[in-house]
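Right, one structure below, let's go through it.
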Amino acid sequence: MADPTQHPWPAGTRRLQVHDVQIDLRYRRVIRPEQEAELPQRMFDLLLVFLAEPQVLHTRAELFARVWPGVIVEDANLSQSVWMLRKALGESRKHWIRTVAKSGYVFEPQGPIEAVVEATPRAQTGDAITKESPAPAAEQPGLGVAPAARGVIPSSVSRRSWWRWVAAAAVGLVLIGGAAWWRGHQPPHPTAAAPQLAIALIDVEDEAAPEDSRWPVTLLHTWLEWKLDSLPEVTLLTEAHLAADSAGRSPRIVFLSSGTDSANPSRVFLRARFDQGGMEQRMEKQGARAELPAMADALSRELLAALVPARAKERWPPLAIDTATARRYAEAIDAMEHRDWVKSAEILQDVTRLAPEFGLPRMQLGYALSRLSLAAPAIEQTETAIRLLQPVPADVADVLDAQRLSRNPQQFNEAAKAWGELAAKHPEKRAYALEQASQLNVANQPTEALALLNRPDWDKEAAGIRLRQRLNLAAAYLALGDPQHARENALAAERIAAAAGKGWEHELGDALLLAAQTDSFQYEDKADLTRYEEAAKQFELAGDDMDALYARFLAESNRRDQPAESGLDPLLVQARERGYRRLEIAMLRMVAFRHYSRGDMPAYRARLEQALATALTAGDTSEQHVLELDLLNEDFLRGRFNSADRRMASLNNAPLQGDDAVWLSSFEATILANRGRFALARKVLDQSEKRVRAGNPGTQPSSAASQIACVRADLGLVMGDIPGSRADWKQCSAFESPSSRLQAAIGNATVDLVAGDRNAALKQLLETQKESTQMQDGPDRWSTELWIATALTRAGDPATAERMFQRVLPLARNTQYEWITAIAETGLAETAATRGDWNAVRTHIAAARKLELADIWTLSNRIDTLDALATMVDGDSKRALHILAAIHAQAVRNGDVVSQLEVQSLLPPGMPIGECNERCQAALVASSGLRGATLDWLVVPAKLDTKLLLQRNIR
């Protein structure tokens, strides 16, 4: 056979040109337009054979003789080398090496192979992925339906479509949060990190060999990988990373294999080979099967010393496991590869029982348990593992401590700090910064995560790093309620994962699922649900059936035409049996809110209570906080304001961020406003907006800004600021959500009404009334209808308003939503007053008062006003005037300009009230522009005693 060093190109040739690829003969590099890669010696020799004789069938036997002369190697070595060559050539050129079944290979390049006579400029290196959108410079959070701040505009805080997306995010985006699992998912490192060593461990397995001879390489790989990955100066790559790109680096590729001695089946071997200084290095251990763990331990030490010489003298713990248990351990590693955390946890528990002094499986068990939201045993196993994994170098001990903190939901903040300290100390290992961002996300600190992830230097990273960065960015933006930026980053991650190809199916599924969630969040019932199925298919390709089922469940959950619990039971059974507690919580919450949106409140509360019980059992404080927000919404709708106060006080001590924090501020501001504390409510909203802007210097419409604006728009109107209210309603509607647009339409109609343009208000209100009938028949629709009906009464259509109040009242009573019931009773009292039916007025007033919400100003001032007019009908003008004076005085103290003007509209011309005379009243109208803030739509009793009014001067 010909010597592979003998070639047809001129002597002294340094480069060859093949189509758009250059082959650097001196430095063994393949230089493509998009990047370059240095090849190990044997692999480069194989490429030279192909280049020397293109369009020729090279048999496997011939290639072994030419590239590995006199060396006995596994058949899989050639297949692996061809695979690596194809990756080095690039996705668009891998077909240049054609496989001829059962024969060999033919090299068929596009174009001739030409020697480059003169030196040429080095080809530029760069990312394998070029068409991805840049990371946005700013984040923008929240969505919500704002409550009315006063009785004229009654509505309630409801979390509307929030469940559609946040329940999925609460599962962890378990896809992204937390440490990368143990094999195959550490991202490659950038070229800028000078001291970083990029190492790829590749298993070379003979598929024809019996299983008993193949599992030992898993033991060697896992043990060596743990040591290398724990070192700050090392970044581990996988075949998937090499296929995507290596950021222009030339990683050290180490091929690992195991097998049985063909001459002596009782003896087994472990082998490693890698290129060093242009020469292939080979290491091997042979022995009896019972000696396999000792062989793996010894070979790992020798490889570590060869690959990272500076660490040659450092001490590491022993591989304390026997052969039988090691085989079982390899099964656990395979389960972890497939993200089957329940199966891997079960096997690892067996391993820890059989090998109690072996620390690494305990560390991995702690990780698997944390993925199952079993915090207490995860912490226990991790702490035991760290005790057993001694001795280790000092910097490795720091990594172990950061991992320990990451297992404890109570210490996610401390974990983020620990990873941040590692990232600052070892900036060349970007995996630490990504772990910091992940921990910030799971610790509900997405703003801090964005500050870390939006730095410009991420764009220089390799595909694996950028992919995980984009996924974390999308999760952070989604947590902050900013679907536009979440979608941009999810789609960017999708492009990177799709271009990276095989080995990145799960990451592609993550990206597709995030994109689907943002669409469901922003576009609600009009969202395109096809991405959920696309995500499910990618999860199945990755061997992750649970995430595939969950993605399909999310799709079903977002279909209005499906039963509330469609697809839930089989998935709940699997989640419970397999121990996926956070997934179970998320599904229960999502189904609970489907019942909520349809008005089935017993089923809603039952599922919500199940979710809370599961969160308490699992010790998942993050989920507990989310569920407490759900219960805060219940407190509000049921009129339990004192309970809401206690819950808000507790939640204010929790580290809430993003949409959760905005919701809490909205609830607090709404309850304050309904109690008449408008100035304080506005202060709460201003502080919330300041926090949003601090983490979001951009100008893109966001759900958080929209939600704050919706609540503040009502406050501005009550306090006499029409321009400010108009501006806030505009910002409220800027977010592309059907809910916020409908809310803004009702709000603007209300502004028209109190500004004096009843015709415009009536037209807009009737349009929104028709639109509201398309909503699902639950509390959100009820509160929206009450808001519209209250304004319709004032706009001159009490008949339509009364029908709406009568429709909602029995529904609210049946669900024990006393707040909605009280608004409906008050609204019916007002419609009765428009036709002078004072008996009906008294009946509805009594029903409203029975609900004991007297301290709620936005209801009490309306009820008291009706009570005053009914009292006039009874002939008790003195008491009636006393009631009106008290209402006006309280309105002045609260800063409620609308209520002041409404009371003043009942008085004869020139009649002062309190400290406000006729001039004062005229000035108030002139300064506020609230010319329509009157009660002239009521039937005012003719028995108004003008003489008494003049005598009392209503003070």
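Labels used: A, B, ... for chains in the order of the structure tokens, numbers from 1 for residues in each chain, and numbers from 1 for ligands as shown.
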Requested in this report: Show which residues sit within 9 Å of Ser258 in chain A, as a PyMOL selection string. Count only C-alpha atoms, and ignore same-chain residues fewer than 6 positions away.
Outcome: chain A and resi 203-206+213-218+268-272
Selection above as a file: N, CA and C atoms, as a PDB file, in the first residue's frame:
```pdb
ATOM      1  N   ASP A 203     -16.532   8.411  23.126  1.00  0.00           N
ATOM      2  CA  ASP A 203     -16.549   6.957  23.316  1.00  0.00           C
ATOM      3  C   ASP A 203     -16.546   6.272  21.957  1.00  0.00           C
ATOM      4  N   VAL A 204     -15.626   5.323  21.780  1.00  0.00           N
ATOM      5  CA  VAL A 204     -15.564   4.523  20.558  1.00  0.00           C
ATOM      6  C   VAL A 204     -16.057   3.134  20.925  1.00  0.00           C
ATOM      7  N   GLU A 205     -17.277   2.822  20.517  1.00  0.00           N
ATOM      8  CA  GLU A 205     -17.878   1.543  20.880  1.00  0.00           C
ATOM      9  C   GLU A 205     -18.056   0.666  19.652  1.00  0.00           C
ATOM     10  N   ASP A 206     -17.786  -0.588  19.836  1.00  0.00           N
ATOM     11  CA  ASP A 206     -18.043  -1.574  18.786  1.00  0.00           C
ATOM     12  C   ASP A 206     -19.459  -2.098  19.004  1.00  0.00           C
ATOM     13  N   SER A 213     -19.082  -5.962  27.418  1.00  0.00           N
ATOM     14  CA  SER A 213     -17.752  -5.416  27.150  1.00  0.00           C
ATOM     15  C   SER A 213     -17.806  -3.938  26.787  1.00  0.00           C
ATOM     16  N   ARG A 214     -19.038  -3.357  26.699  1.00  0.00           N
ATOM     17  CA  ARG A 214     -19.158  -1.969  26.278  1.00  0.00           C
ATOM     18  C   ARG A 214     -19.391  -1.010  27.424  1.00  0.00           C
ATOM     19  N   TRP A 215     -20.004  -1.468  28.527  1.00  0.00           N
ATOM     20  CA  TRP A 215     -20.326  -0.529  29.595  1.00  0.00           C
ATOM     21  C   TRP A 215     -19.105   0.022  30.339  1.00  0.00           C
ATOM     22  N   PRO A 216     -17.954  -0.714  30.397  1.00  0.00           N
ATOM     23  CA  PRO A 216     -16.830  -0.151  31.167  1.00  0.00           C
ATOM     24  C   PRO A 216     -16.367   1.220  30.679  1.00  0.00           C
ATOM     25  N   VAL A 217     -16.511   1.505  29.361  1.00  0.00           N
ATOM     26  CA  VAL A 217     -16.082   2.812  28.885  1.00  0.00           C
ATOM     27  C   VAL A 217     -16.948   3.915  29.485  1.00  0.00           C
ATOM     28  N   THR A 218     -18.198   3.605  29.812  1.00  0.00           N
ATOM     29  CA  THR A 218     -19.069   4.586  30.464  1.00  0.00           C
ATOM     30  C   THR A 218     -18.532   4.929  31.845  1.00  0.00           C
ATOM     31  N   VAL A 268     -10.129  -8.043  30.187  1.00  0.00           N
ATOM     32  CA  VAL A 268     -10.761  -6.892  29.550  1.00  0.00           C
ATOM     33  C   VAL A 268      -9.756  -5.754  29.475  1.00  0.00           C
ATOM     34  N   PHE A 269     -10.061  -4.772  28.656  1.00  0.00           N
ATOM     35  CA  PHE A 269      -9.149  -3.635  28.529  1.00  0.00           C
ATOM     36  C   PHE A 269      -9.944  -2.326  28.515  1.00  0.00           C
ATOM     37  N   LEU A 270      -9.262  -1.273  28.908  1.00  0.00           N
ATOM     38  CA  LEU A 270      -9.723   0.112  28.765  1.00  0.00           C
ATOM     39  C   LEU A 270      -8.637   0.856  28.011  1.00  0.00           C
ATOM     40  N   ARG A 271      -9.006   1.608  26.974  1.00  0.00           N
ATOM     41  CA  ARG A 271      -8.013   2.279  26.147  1.00  0.00           C
ATOM     42  C   ARG A 271      -8.373   3.738  25.946  1.00  0.00           C
ATOM     43  N   ALA A 272      -7.353   4.531  25.723  1.00  0.00           N
ATOM     44  CA  ALA A 272      -7.526   5.942  25.386  1.00  0.00           C
ATOM     45  C   ALA A 272      -6.459   6.321  24.382  1.00  0.00           C
TER      46      ALA A 272
END
```
**Report entry** Those in range 511-726 of chain A with alpha helix (DSSP H) from DSSP, as JSON, numbers by chain
**Finding:** {"A": [511, 512, 513, 514, 515, 516, 517, 518, 519, 520, 521, 522, 523, 530, 531, 532, 533, 534, 535, 536, 537, 538, 539, 540, 541, 545, 546, 547, 548, 549, 550, 551, 552, 553, 554, 555, 556, 557, 568, 569, 570, 571, 572, 573, 574, 575, 576, 577, 578, 581, 582, 583, 584, 585, 586, 587, 588, 589, 590, 591, 592, 593, 594, 595, 596, 597, 601, 602, 603, 604, 605, 606, 607, 608, 609, 610, 611, 612, 613, 614, 615, 616, 617, 618, 621, 622, 623, 624, 625, 626, 627, 628, 629, 630, 631, 632, 633, 634, 635, 636, 637, 641, 642, 643, 644, 645, 646, 647, 648, 649, 650, 651, 652, 658, 659, 660, 661, 662, 663, 664, 665, 666, 667, 668, 669, 670, 671, 672, 673, 674, 678, 679, 680, 681, 682, 683, 684, 685, 686, 687, 688, 689, 690, 691, 692, 693, 694, 703, 704, 705, 706, 707, 708, 709, 710, 711, 712, 713, 714, 715, 716, 717, 718, 722, 723, 724, 725, 726]}
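Separating CA of Leu440 in chain A from CA of Ala704 in chain A is a distance of 19.4 Å.
The environment of Ile788 in chain A within 8 Å, counting only C-alpha atoms and disregarding residues fewer than 4 places along the same chain, consists of Ile153, Ile746, Leu765, Thr768, Gln769, Thr784, Leu792 and Ala801 of chain A.
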How would the residues just picked look written out with N, CA and C atoms as an mmCIF file, in the first residue's frame?
```cif
data_model
loop_
_atom_site.group_PDB
_atom_site.id
_atom_site.type_symbol
_atom_site.label_atom_id
_atom_site.label_comp_id
_atom_site.auth_asym_id
_atom_site.auth_seq_id
_atom_site.Cartn_x
_atom_site.Cartn_y
_atom_site.Cartn_z
ATOM 1 N N ILE A 153 -65.919 52.918 37.886
ATOM 2 C CA ILE A 153 -65.342 51.985 36.923
ATOM 3 C C ILE A 153 -65.050 50.671 37.634
ATOM 4 N N ILE A 746 -62.584 49.993 27.231
ATOM 5 C CA ILE A 746 -63.561 50.329 28.272
ATOM 6 C C ILE A 746 -63.100 51.560 29.043
ATOM 7 N N LEU A 765 -68.921 51.677 24.553
ATOM 8 C CA LEU A 765 -69.299 50.699 25.569
ATOM 9 C C LEU A 765 -70.134 49.570 24.967
ATOM 10 N N THR A 768 -67.771 47.226 23.194
ATOM 11 C CA THR A 768 -67.028 46.372 24.127
ATOM 12 C C THR A 768 -67.932 45.337 24.773
ATOM 13 N N GLN A 769 -69.223 45.703 24.953
ATOM 14 C CA GLN A 769 -70.168 44.732 25.514
ATOM 15 C C GLN A 769 -70.299 43.521 24.596
ATOM 16 N N THR A 784 -65.438 42.163 33.922
ATOM 17 C CA THR A 784 -65.440 43.042 32.747
ATOM 18 C C THR A 784 -66.859 43.534 32.453
ATOM 19 N N LEU A 792 -72.401 51.918 31.449
ATOM 20 C CA LEU A 792 -73.602 52.034 30.617
ATOM 21 C C LEU A 792 -74.742 52.706 31.377
ATOM 22 N N ALA A 801 -77.564 47.632 30.935
ATOM 23 C CA ALA A 801 -76.761 47.452 32.145
ATOM 24 C C ALA A 801 -77.447 46.516 33.119
#
```
Requested in this report: Might you pull out every residue within 7 Å of range 86-91 of chain A, with only C-alpha atoms counted and same-chain residues fewer than 2 positions away left off, and present them as a PyMOL selection string?
Outcome: chain A and resi 30+37+82-84+93-94+243
Can you tell me which residues surround range 509-512 of chain A at a distance of at most 12 Å, considering only C-alpha atoms, apart from same-chain residues fewer than 5 positions away, and format the answer as an mmCIF file with C-alpha atoms, in the first residue's frame?
```cif
data_model
loop_
_atom_site.group_PDB
_atom_site.id
_atom_site.type_symbol
_atom_site.label_atom_id
_atom_site.label_comp_id
_atom_site.auth_asym_id
_atom_site.auth_seq_id
_atom_site.Cartn_x
_atom_site.Cartn_y
_atom_site.Cartn_z
ATOM 1 C CA ALA A 168 -45.216 26.243 32.015
ATOM 2 C CA ALA A 169 -42.420 28.573 33.008
ATOM 3 C CA GLY A 172 -38.516 25.123 35.475
ATOM 4 C CA LEU A 173 -38.456 26.062 32.447
ATOM 5 C CA VAL A 174 -36.850 23.266 34.263
ATOM 6 C CA LEU A 175 -35.445 22.955 30.845
ATOM 7 C CA ILE A 176 -32.910 25.652 31.539
ATOM 8 C CA GLY A 177 -32.761 26.434 35.226
ATOM 9 C CA LEU A 467 -27.680 28.545 22.716
ATOM 10 C CA ARG A 468 -27.870 28.221 26.472
ATOM 11 C CA GLN A 469 -27.527 31.993 26.846
ATOM 12 C CA ARG A 470 -30.466 32.552 24.507
ATOM 13 C CA LEU A 471 -32.623 29.994 26.301
ATOM 14 C CA ASN A 472 -31.894 31.649 29.639
ATOM 15 C CA LEU A 473 -32.617 35.064 28.125
ATOM 16 C CA ALA A 474 -35.955 33.843 26.795
ATOM 17 C CA ALA A 475 -36.858 32.380 30.188
ATOM 18 C CA ALA A 486 -38.684 36.319 24.978
ATOM 19 C CA ARG A 487 -39.803 35.369 21.489
ATOM 20 C CA GLU A 488 -36.744 36.958 19.831
ATOM 21 C CA ASN A 489 -34.394 34.937 22.007
ATOM 22 C CA ALA A 490 -36.402 31.727 21.756
ATOM 23 C CA LEU A 491 -36.346 31.983 17.956
ATOM 24 C CA ALA A 492 -32.613 32.770 18.005
ATOM 25 C CA ALA A 493 -32.061 29.665 20.159
ATOM 26 C CA GLU A 494 -34.198 27.676 17.735
ATOM 27 C CA ARG A 495 -32.004 28.748 14.807
ATOM 28 C CA ILE A 496 -28.810 27.875 16.639
ATOM 29 C CA ALA A 497 -30.075 24.455 17.737
ATOM 30 C CA ALA A 498 -31.487 23.639 14.290
ATOM 31 C CA GLY A 503 -27.380 15.979 19.447
ATOM 32 C CA TRP A 504 -29.262 19.223 20.095
ATOM 33 C CA GLN A 517 -45.435 29.917 25.464
ATOM 34 C CA THR A 518 -44.724 33.512 24.501
ATOM 35 C CA ASP A 519 -47.343 33.318 21.749
ATOM 36 C CA ASP A 528 -50.556 29.490 16.935
ATOM 37 C CA LEU A 529 -50.281 26.209 18.848
ATOM 38 C CA THR A 530 -48.298 24.220 16.281
ATOM 39 C CA ARG A 531 -44.981 24.910 17.994
ATOM 40 C CA TYR A 532 -46.070 22.857 20.993
ATOM 41 C CA GLU A 533 -46.297 19.766 18.793
ATOM 42 C CA GLU A 534 -42.988 20.616 17.127
ATOM 43 C CA ALA A 535 -41.401 20.855 20.569
ATOM 44 C CA ALA A 536 -42.926 17.534 21.606
ATOM 45 C CA LYS A 537 -41.424 15.800 18.560
ATOM 46 C CA GLN A 538 -37.968 17.159 19.371
ATOM 47 C CA PHE A 539 -38.266 15.978 22.976
ATOM 48 C CA GLU A 540 -39.199 12.520 21.705
ATOM 49 C CA LEU A 541 -36.139 12.488 19.447
ATOM 50 C CA ALA A 542 -34.078 13.300 22.537
ATOM 51 C CA GLY A 543 -35.672 10.386 24.391
ATOM 52 C CA ASP A 544 -37.582 12.657 26.782
ATOM 53 C CA ASP A 545 -41.146 11.361 26.728
ATOM 54 C CA ASP A 547 -41.431 16.739 28.321
ATOM 55 C CA ALA A 548 -43.041 15.613 25.067
ATOM 56 C CA TYR A 550 -46.127 18.052 28.768
ATOM 57 C CA ALA A 551 -45.695 20.066 25.572
ATOM 58 C CA ARG A 552 -48.771 18.372 24.130
#
```
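The list of residues with at least one atom within 10 Å of Glu609 in chain A, based on only C-alpha atoms and without residues fewer than 5 positions apart in the same chain, reads Leu588, Arg589, Ala592, Ala603, Tyr604, Thr614, Ala615, Leu627 and Leu631 of chain A.
Proximity to range 895-905 of chain A at 6 Å, evaluated using only C-alpha atoms and with sequence-adjacent residues fewer than 4 positions away removed, yields Val718, Met719, Gly720, His888, Ala891, Ala933, Thr934 and Leu935 of chain A.
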Since we have the selection now, will you write its residues out, keeping C-alpha atoms, as a PDB file, in the first residue's frame?
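Contents of selection26.pdb, as written:
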```
ATOM      1  CA  VAL A 718     -60.501  59.522  39.831  1.00  0.00           C
ATOM      2  CA  MET A 719     -58.012  62.193  40.884  1.00  0.00           C
ATOM      3  CA  GLY A 720     -59.051  64.517  38.033  1.00  0.00           C
ATOM      4  CA  HIS A 888     -68.087  64.789  50.166  1.00  0.00           C
ATOM      5  CA  ALA A 891     -63.959  62.332  48.953  1.00  0.00           C
ATOM      6  CA  ALA A 933     -68.943  63.589  36.477  1.00  0.00           C
ATOM      7  CA  THR A 934     -72.537  64.146  37.609  1.00  0.00           C
ATOM      8  CA  LEU A 935     -75.445  62.146  38.982  1.00  0.00           C
TER       9      LEU A 935
END
```
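Closest approach to Gln41 in chain A among A:Pro446, A:Pro8, A:Pro232, A:Gly277 is made by A:Gly277 (distances from only C-alpha atoms).
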